[in-house]
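Participant: Below you'll find entry_24.pdb; it's PDB, C-alpha atoms.
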ATOM      1  CA  MET M 165     122.267 -64.303 -69.221
ATOM      2  CA  SER M 166     124.679 -65.024 -72.055
ATOM      3  CA  ASN M 167     128.434 -65.300 -71.579
ATOM      4  CA  ASN M 168     128.768 -63.738 -75.052
ATOM      5  CA  TYR M 169     127.982 -60.307 -73.547
ATOM      6  CA  PRO M 170     130.015 -58.284 -73.250
ATOM      7  CA  HIS M 171     131.870 -57.433 -75.487
ATOM      8  CA  PRO M 172     130.890 -54.340 -77.314
ATOM      9  CA  ILE M 173     133.922 -52.959 -75.364
ATOM     10  CA  LEU M 174     131.757 -50.348 -73.611
ATOM     11  CA  ALA M 175     129.429 -51.676 -70.919
ATOM     12  CA  ARG M 176     125.732 -51.319 -71.678
ATOM     13  CA  GLU M 177     125.225 -49.805 -68.203
ATOM     14  CA  GLY M 178     127.214 -46.818 -69.393
ATOM     15  CA  TRP M 179     125.566 -46.135 -72.733
ATOM     16  CA  PRO M 180     123.100 -43.504 -71.402
ATOM     17  CA  PHE M 181     125.866 -41.714 -69.452
ATOM     18  CA  ILE M 182     128.193 -41.742 -72.463
ATOM     19  CA  ALA M 183     125.444 -40.401 -74.745
ATOM     20  CA  ILE M 184     124.562 -37.591 -72.329
ATOM     21  CA  ALA M 185     128.207 -36.586 -71.806
ATOM     22  CA  LEU M 186     128.794 -36.549 -75.566
ATOM     23  CA  ALA M 187     125.650 -34.513 -76.268
ATOM     24  CA  VAL M 188     126.554 -31.898 -73.653
ATOM     25  CA  ALA M 189     130.109 -31.561 -74.989
ATOM     26  CA  VAL M 190     128.891 -31.229 -78.587
ATOM     27  CA  VAL M 191     126.250 -28.619 -77.728
ATOM     28  CA  ILE M 192     128.634 -26.453 -75.681
ATOM     29  CA  ASN M 193     131.366 -26.841 -78.299
ATOM     30  CA  GLY M 194     128.966 -25.631 -80.987
ATOM     31  CA  ALA M 195     127.552 -22.773 -78.938
ATOM     32  CA  ALA M 196     130.648 -21.438 -77.158
ATOM     33  CA  GLY M 197     133.681 -22.982 -78.831
ATOM     34  CA  PHE M 198     136.219 -25.638 -77.904
ATOM     35  CA  ALA M 199     137.844 -23.699 -75.043
ATOM     36  CA  TRP M 200     134.570 -23.530 -73.106
ATOM     37  CA  ALA M 201     133.712 -27.106 -74.023
ATOM     38  CA  LEU M 202     137.100 -28.591 -73.040
ATOM     39  CA  PRO M 203     136.061 -29.576 -69.469
ATOM     40  CA  PHE M 204     133.026 -31.365 -70.897
ATOM     41  CA  TRP M 205     135.178 -33.240 -73.433
ATOM     42  CA  VAL M 206     137.409 -34.308 -70.535
ATOM     43  CA  LEU M 207     134.297 -35.483 -68.674
ATOM     44  CA  PHE M 208     133.191 -37.401 -71.776
ATOM     45  CA  VAL M 209     136.578 -39.172 -71.996
ATOM     46  CA  PHE M 210     136.399 -40.036 -68.293
ATOM     47  CA  VAL M 211     132.911 -41.523 -68.649
ATOM     48  CA  VAL M 212     134.001 -43.584 -71.659
ATOM     49  CA  GLN M 213     137.024 -44.998 -69.820
ATOM     50  CA  PHE M 214     134.958 -45.731 -66.720
ATOM     51  CA  PHE M 215     132.470 -47.863 -68.645
ATOM     52  CA  ARG M 216     135.002 -49.754 -70.776
ATOM     53  CA  ASP M 217     134.489 -53.499 -70.529
ATOM     54  CA  PRO M 218     137.209 -55.382 -72.443
ATOM     55  CA  PRO M 219     137.284 -59.148 -73.013
ATOM     56  CA  ARG M 220     139.717 -61.053 -70.799
ATOM     57  CA  PRO M 221     141.467 -64.440 -70.906
ATOM     58  CA  ILE M 222     139.931 -66.898 -68.425
ATOM     59  CA  PRO M 223     142.224 -69.452 -66.670
ATOM     60  CA  GLN M 224     140.659 -72.900 -66.447
ATOM     61  CA  GLY M 225     142.475 -74.477 -63.500
ATOM     62  CA  GLU M 226     140.017 -76.696 -61.635
ATOM     63  CA  LYS M 227     140.887 -75.224 -58.222
ATOM     64  CA  ASP M 228     141.462 -71.644 -59.391
ATOM     65  CA  VAL M 229     139.369 -68.822 -57.936
ATOM     66  CA  LEU M 230     139.423 -65.878 -60.334
ATOM     67  CA  SER M 231     139.235 -62.215 -59.463
ATOM     68  CA  PRO M 232     135.629 -60.987 -59.744
ATOM     69  CA  ALA M 233     136.769 -57.413 -60.419
ATOM     70  CA  ASP M 234     139.610 -55.162 -61.519
ATOM     71  CA  GLY M 235     141.430 -53.311 -58.784
ATOM     72  CA  ARG M 236     143.867 -53.665 -55.910
ATOM     73  CA  ILE M 237     144.004 -56.284 -53.148
ATOM     74  CA  VAL M 238     143.228 -54.593 -49.824
ATOM     75  CA  ALA M 239     142.525 -57.595 -47.566
ATOM     76  CA  ILE M 240     143.601 -61.222 -47.241
ATOM     77  CA  GLU M 241     142.562 -62.589 -43.869
ATOM     78  CA  PRO M 242     140.911 -65.479 -42.040
ATOM     79  CA  VAL M 243     137.442 -64.352 -40.962
ATOM     80  CA  ARG M 244     133.974 -65.668 -40.235
ATOM     81  CA  ASP M 245     131.859 -65.646 -43.393
ATOM     82  CA  PRO M 246     128.856 -63.527 -42.278
ATOM     83  CA  TYR M 247     126.585 -65.130 -44.866
ATOM     84  CA  LEU M 248     127.374 -68.842 -44.487
ATOM     85  CA  ASP M 249     128.441 -68.600 -40.824
ATOM     86  CA  ARG M 250     131.687 -70.522 -41.263
ATOM     87  CA  ASP M 251     135.402 -69.930 -41.021
ATOM     88  CA  SER M 252     136.774 -68.684 -44.306
ATOM     89  CA  LEU M 253     139.578 -66.924 -46.144
ATOM     90  CA  LYS M 254     138.470 -63.445 -47.197
ATOM     91  CA  ILE M 255     140.103 -61.682 -50.150
ATOM     92  CA  SER M 256     138.968 -58.146 -51.001
ATOM     93  CA  VAL M 257     139.463 -56.211 -54.248
ATOM     94  CA  PHE M 258     139.100 -52.422 -54.140
ATOM     95  CA  MET M 259     138.040 -50.698 -57.370
ATOM     96  CA  ASN M 260     138.806 -47.014 -57.921
ATOM     97  CA  VAL M 261     137.123 -44.850 -60.560
ATOM     98  CA  PHE M 262     139.781 -45.743 -63.142
ATOM     99  CA  ASN M 263     139.187 -49.511 -62.959
ATOM    100  CA  VAL M 264     136.802 -51.582 -65.076
ATOM    101  CA  HIS M 265     133.656 -52.009 -62.970
ATOM    102  CA  SER M 266     131.908 -55.033 -64.438
ATOM    103  CA  ASN M 267     131.821 -57.979 -62.010
ATOM    104  CA  ARG M 268     132.451 -61.560 -63.093
ATOM    105  CA  SER M 269     132.019 -64.929 -61.459
ATOM    106  CA  PRO M 270     135.134 -66.218 -59.681
ATOM    107  CA  VAL M 271     134.168 -69.890 -60.162
ATOM    108  CA  ASP M 272     131.891 -72.268 -62.046
ATOM    109  CA  GLY M 273     128.869 -72.763 -59.853
ATOM    110  CA  GLU M 274     125.176 -72.471 -59.078
ATOM    111  CA  VAL M 275     123.734 -69.473 -57.257
ATOM    112  CA  ILE M 276     122.224 -71.019 -54.127
ATOM    113  CA  GLN M 277     121.119 -67.766 -52.532
ATOM    114  CA  ARG M 278     121.355 -64.021 -53.040
ATOM    115  CA  TRP M 279     121.275 -61.429 -50.246
ATOM    116  CA  TYR M 280     120.892 -57.679 -50.549
ATOM    117  CA  ASN M 281     121.655 -55.377 -47.606
ATOM    118  CA  ALA M 282     121.023 -51.642 -47.632
ATOM    119  CA  GLY M 283     123.722 -49.690 -45.856
ATOM    120  CA  ARG M 284     126.102 -46.773 -45.734
ATOM    121  CA  PHE M 285     128.572 -45.499 -48.335
ATOM    122  CA  VAL M 286     131.887 -45.188 -46.483
ATOM    123  CA  ASN M 287     135.192 -45.467 -48.357
ATOM    124  CA  ALA M 288     135.216 -48.967 -49.874
ATOM    125  CA  ALA M 289     138.955 -49.318 -49.173
ATOM    126  CA  LEU M 290     138.175 -49.530 -45.442
ATOM    127  CA  ASP M 291     137.547 -52.915 -43.804
ATOM    128  CA  LYS M 292     134.320 -51.704 -42.186
ATOM    129  CA  ALA M 293     132.804 -51.217 -45.647
ATOM    130  CA  SER M 294     132.340 -55.014 -45.848
ATOM    131  CA  VAL M 295     129.754 -54.943 -43.052
ATOM    132  CA  GLU M 296     128.456 -51.353 -43.070
ATOM    133  CA  ASN M 297     128.010 -50.426 -46.743
ATOM    134  CA  GLU M 298     125.272 -51.302 -49.194
ATOM    135  CA  ARG M 299     126.097 -54.765 -50.519
ATOM    136  CA  ASN M 300     124.866 -57.663 -52.616
ATOM    137  CA  ALA M 301     126.076 -61.188 -51.861
ATOM    138  CA  LEU M 302     125.940 -64.418 -53.863
ATOM    139  CA  HIS M 303     126.344 -67.906 -52.414
ATOM    140  CA  LEU M 304     127.935 -70.004 -55.179
ATOM    141  CA  ARG M 305     128.171 -73.808 -54.968
ATOM    142  CA  LEU M 306     130.654 -75.666 -57.115
ATOM    143  CA  ALA M 307     129.975 -79.086 -58.658
ATOM    144  CA  ASN M 308     132.168 -80.709 -55.973
ATOM    145  CA  GLY M 309     130.038 -79.196 -53.199
ATOM    146  CA  GLN M 310     132.427 -76.445 -52.146
ATOM    147  CA  ASP M 311     130.911 -73.034 -51.373
ATOM    148  CA  VAL M 312     132.148 -69.559 -52.278
ATOM    149  CA  THR M 313     130.559 -66.254 -51.257
ATOM    150  CA  CYS M 314     131.052 -63.255 -53.560
ATOM    151  CA  VAL M 315     129.954 -59.837 -52.278
ATOM    152  CA  GLN M 316     129.558 -56.597 -54.239
ATOM    153  CA  VAL M 317     130.068 -53.630 -51.894
ATOM    154  CA  ALA M 318     129.131 -50.045 -52.743
ATOM    155  CA  GLY M 319     131.717 -47.338 -52.093
ATOM    156  CA  LEU M 320     131.979 -43.673 -51.175
ATOM    157  CA  ILE M 321     130.779 -42.485 -54.590
ATOM    158  CA  ALA M 322     128.994 -45.609 -55.823
ATOM    159  CA  ARG M 323     125.239 -45.464 -55.432
ATOM    160  CA  ARG M 324     124.098 -48.364 -57.555
ATOM    161  CA  ILE M 325     124.900 -52.061 -57.360
ATOM    162  CA  LEU M 326     123.586 -54.040 -60.320
ATOM    163  CA  CYS M 327     123.247 -57.836 -60.169
ATOM    164  CA  TYR M 328     121.646 -59.868 -62.959
ATOM    165  CA  VAL M 329     121.373 -63.321 -61.372
ATOM    166  CA  GLU M 330     119.136 -64.931 -58.762
ATOM    167  CA  ALA M 331     119.035 -68.220 -56.857
ATOM    168  CA  GLY M 332     119.048 -71.092 -59.341
ATOM    169  CA  SER M 333     121.205 -69.310 -61.928
ATOM    170  CA  ARG M 334     124.340 -71.069 -63.106
ATOM    171  CA  LEU M 335     127.507 -69.105 -63.694
ATOM    172  CA  ARG M 336     130.674 -70.009 -65.533
ATOM    173  CA  ARG M 337     134.002 -68.691 -64.345
ATOM    174  CA  GLY M 338     134.616 -65.278 -65.840
ATOM    175  CA  GLU M 339     130.957 -64.808 -66.731
ATOM    176  CA  ARG M 340     129.685 -61.291 -66.250
ATOM    177  CA  TYR M 341     126.959 -61.086 -63.591
ATOM    178  CA  GLY M 342     126.852 -57.490 -62.378
ATOM    179  CA  PHE M 343     128.222 -53.962 -62.290
ATOM    180  CA  ILE M 344     128.920 -51.298 -59.645
ATOM    181  CA  ARG M 345     128.931 -47.669 -60.677
ATOM    182  CA  PHE M 346     131.740 -45.298 -59.639
ATOM    183  CA  GLY M 347     134.098 -46.902 -57.110
ATOM    184  CA  SER M 348     133.533 -49.909 -54.855
ATOM    185  CA  ARG M 349     134.908 -53.291 -53.758
ATOM    186  CA  VAL M 350     134.223 -57.001 -54.037
ATOM    187  CA  ASP M 351     134.824 -59.456 -51.172
ATOM    188  CA  VAL M 352     135.297 -63.169 -51.782
ATOM    189  CA  TYR M 353     134.900 -65.654 -48.897
ATOM    190  CA  LEU M 354     136.568 -69.004 -49.568
ATOM    191  CA  PRO M 355     136.476 -72.404 -47.786
ATOM    192  CA  PRO M 356     139.017 -73.048 -45.015
ATOM    193  CA  GLY M 357     142.266 -74.364 -46.436
ATOM    194  CA  SER M 358     142.141 -72.179 -49.535
ATOM    195  CA  ARG M 359     145.537 -70.722 -50.482
ATOM    196  CA  ALA M 360     145.873 -67.099 -51.597
ATOM    197  CA  ARG M 361     147.789 -66.547 -54.832
ATOM    198  CA  VAL M 362     147.941 -62.750 -54.432
ATOM    199  CA  THR M 363     149.318 -60.393 -51.786
ATOM    200  CA  ILE M 364     148.160 -57.078 -50.297
ATOM    201  CA  GLY M 365     148.630 -54.252 -52.767
ATOM    202  CA  ASP M 366     148.637 -56.455 -55.894
ATOM    203  CA  LYS M 367     146.775 -55.094 -58.898
ATOM    204  CA  VAL M 368     144.362 -57.667 -60.309
ATOM    205  CA  SER M 369     142.194 -58.005 -63.400
ATOM    206  CA  ALA M 370     138.688 -59.470 -63.495
ATOM    207  CA  SER M 371     138.630 -63.050 -64.800
ATOM    208  CA  SER M 372     142.300 -63.208 -65.807
ATOM    209  CA  THR M 373     143.953 -62.988 -62.347
ATOM    210  CA  VAL M 374     143.874 -66.072 -60.103
ATOM    211  CA  LEU M 375     143.106 -64.899 -56.552
ATOM    212  CA  ALA M 376     143.396 -68.220 -54.763
ATOM    213  CA  GLU M 377     143.456 -71.983 -55.019
ATOM    214  CA  LEU M 378     140.695 -74.024 -53.393
ATOM    215  CA  PRO M 379     141.603 -76.865 -51.022
TER     216      PRO M 379
END
Here is a file; write its structure as structure tokens.
Facilitator:
Amino acid sequence: MSNNYPHPILAREGWPFIAIALAVAVVINGAAGFAWALPFWVLFVFVVQFFRDPPRPIPQGEKDVLSPADGRIVAIEPVRDPYLDRDSLKISVFMNVFNVHSNRSPVDGEVIQRWYNAGRFVNAALDKASVENERNALHLRLANGQDVTCVQVAGLIARRILCYVEAGSRLRRGERYGFIRFGSRVDVYLPPGSRARVTIGDKVSASSTVLAELP
């Protein structure tokens, strides 16, 4: 996968949805007039904004852990990493339908393992979504041997998690690796001793916001 994609500004995952929404609006506008077509033009604008995928600046601090998604911080807590079975600092980013939904690597590292778990679709803002919802997890290992787990979690409306990397892939910080359609969250599990650089309720941007500093 190339780090040069995106940026056509609109995510490729959305191109079919954008084309369909535009075609429906144009057909109804032509057949019944703008007043009847107005709700479909509004839908078209919503779909376009949902699938926007703008380029972002990428901080290069050696110990920086970058946000893997746009959204709001809903959890910062010491927990047991359910994938690596170790104590960790968990930071969760909740994405609503108005956020950019492409997911990007929080660190430079190699994908050691990928796990997919089928599950429910409860509200992704709830803590139980981390263990009950459909999710896709990546174990990333940095060059210095530190491990980070990054988990895409489906939400109440989301029904499709897309991940484009497998074990053995190498990711650069800020590199796009996946997408979640229509509302979701991303959990990041960090090594003990990591220091959060955000607080609950903060709005964050994929790649450009530093979530934490590694020990």
Participant: Which residues would end up in the selection if the PyMOL selection byres ((chain M and resi 266) around 10) were applied here, given that I need the answer as a list in words?
Facilitator: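 Output from the PyMOL selection byres ((chain M and resi 266) around 10), applied to this file: Pro170, Ala175, Glu177, Phe215, Arg216, Asp217, Pro218, Pro232, Ala233, Asp234, Asn263, Val264, His265, Asn267, Arg268, Leu326, Arg340, Tyr341, Gly342, Phe343, Ile344, Arg345 and Ala370 of chain M.
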Participant: Can you tell me, as a list in words, what residues are no more than 12 Å from Arg361 of chain M when counting all atoms listed in the file, ignoring any on the same chain fewer than 4 positions away?
Facilitator: Lys227, Asp228, Val229, Leu230, Ser231, Ile237, Ile240, Leu253, Ile255, Asp366, Val368, Thr373, Val374, Leu375, Ala376, Glu377 and Leu378 of chain M
Participant: State, in Å with one decimal place, the distance from atom CA of Phe210 of chain M to atom CA of Ala239 of chain M.
Facilitator: 27.8 Å
Participant: Just give me the gap between atom CA of Ser371 of chain M and atom CA of Met259 of chain M in Å, one decimal is fine.
Facilitator: 14.4 Å
Participant: Kindly indicate which residue among M:Phe198, M:Tyr280, M:Tyr247, M:Phe258 lies nearest to Gly365 of chain M, using only C-alpha atoms for the distances.
Facilitator: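 Checking each candidate against Gly365 of chain M, we get M:Phe258 as the closest.
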Participant: For the PyMOL selection byres ((chain M and resi 244) around 12), applied here, can you spell out every residue it catches as a PyMOL selection string?
Facilitator: chain M and resi 241-243+245-254+295+313+352-356
Participant: Determine the residue membership of the PyMOL selection byres ((chain M and resi 279) around 6) for the file above and supply it as a list in words.
Facilitator: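 Applying the expression gives Arg278, Tyr280, Asn300 and Ala301 of chain M.
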Participant: Counting all atoms listed in the file, what is within 12 Å of Leu186 of chain M, bar same-chain residues fewer than 2 positions away, as a PDB file with C-alpha atoms, in the frame of the given file?
Facilitator:
ATOM      1  CA  TRP M 179     125.566 -46.135 -72.733  1.00  0.00           C
ATOM      2  CA  PRO M 180     123.100 -43.504 -71.402  1.00  0.00           C
ATOM      3  CA  PHE M 181     125.866 -41.714 -69.452  1.00  0.00           C
ATOM      4  CA  ILE M 182     128.193 -41.742 -72.463  1.00  0.00           C
ATOM      5  CA  ALA M 183     125.444 -40.401 -74.745  1.00  0.00           C
ATOM      6  CA  ILE M 184     124.562 -37.591 -72.329  1.00  0.00           C
ATOM      7  CA  VAL M 188     126.554 -31.898 -73.653  1.00  0.00           C
ATOM      8  CA  ALA M 189     130.109 -31.561 -74.989  1.00  0.00           C
ATOM      9  CA  VAL M 190     128.891 -31.229 -78.587  1.00  0.00           C
ATOM     10  CA  VAL M 191     126.250 -28.619 -77.728  1.00  0.00           C
ATOM     11  CA  ILE M 192     128.634 -26.453 -75.681  1.00  0.00           C
ATOM     12  CA  ASN M 193     131.366 -26.841 -78.299  1.00  0.00           C
ATOM     13  CA  ALA M 201     133.712 -27.106 -74.023  1.00  0.00           C
ATOM     14  CA  LEU M 202     137.100 -28.591 -73.040  1.00  0.00           C
ATOM     15  CA  PRO M 203     136.061 -29.576 -69.469  1.00  0.00           C
ATOM     16  CA  PHE M 204     133.026 -31.365 -70.897  1.00  0.00           C
ATOM     17  CA  TRP M 205     135.178 -33.240 -73.433  1.00  0.00           C
ATOM     18  CA  VAL M 206     137.409 -34.308 -70.535  1.00  0.00           C
ATOM     19  CA  LEU M 207     134.297 -35.483 -68.674  1.00  0.00           C
ATOM     20  CA  PHE M 208     133.191 -37.401 -71.776  1.00  0.00           C
ATOM     21  CA  VAL M 209     136.578 -39.172 -71.996  1.00  0.00           C
ATOM     22  CA  PHE M 210     136.399 -40.036 -68.293  1.00  0.00           C
ATOM     23  CA  VAL M 211     132.911 -41.523 -68.649  1.00  0.00           C
ATOM     24  CA  VAL M 212     134.001 -43.584 -71.659  1.00  0.00           C
TER      25      VAL M 212
END
Participant: Need the shell around segment 302-304 of chain M: protein/DNA/RNA residues with any atom at most 9 Å away, counting all atoms listed in the file. Skip same-chain ones fewer than 3 positions apart. Format as a PyMOL selection string?
Facilitator: chain M and resi 247-248+271-279+310-316+329-331+334-335
Participant: What is the distance between atom CA of Ala360 of chain M and atom CA of Cys327 of chain M, in Å to one decimal?
Facilitator: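 About the pair atom CA of Ala360 of chain M and atom CA of Cys327 of chain M: they are 25.9 Å apart.
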Participant: Please determine, counting all atoms listed in the file, which residue among M:Thr363, M:Asp351, M:Ser358, M:Gln213 has the shortest atom-to-atom distance to Ser256 of chain M.
Facilitator: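 Ranking M:Thr363, M:Asp351, M:Ser358, M:Gln213 by distance to Ser256 of chain M, first place goes to M:Asp351.
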Participant: Using all atoms listed in the file for the distances, tell me which of M:Arg359, M:Ser369, M:Glu226, M:Ala282 is nearest to Ala307 of chain M.
Facilitator: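 Looking only at the distances to Ala307 of chain M, the closest residue turns out to be M:Glu226.
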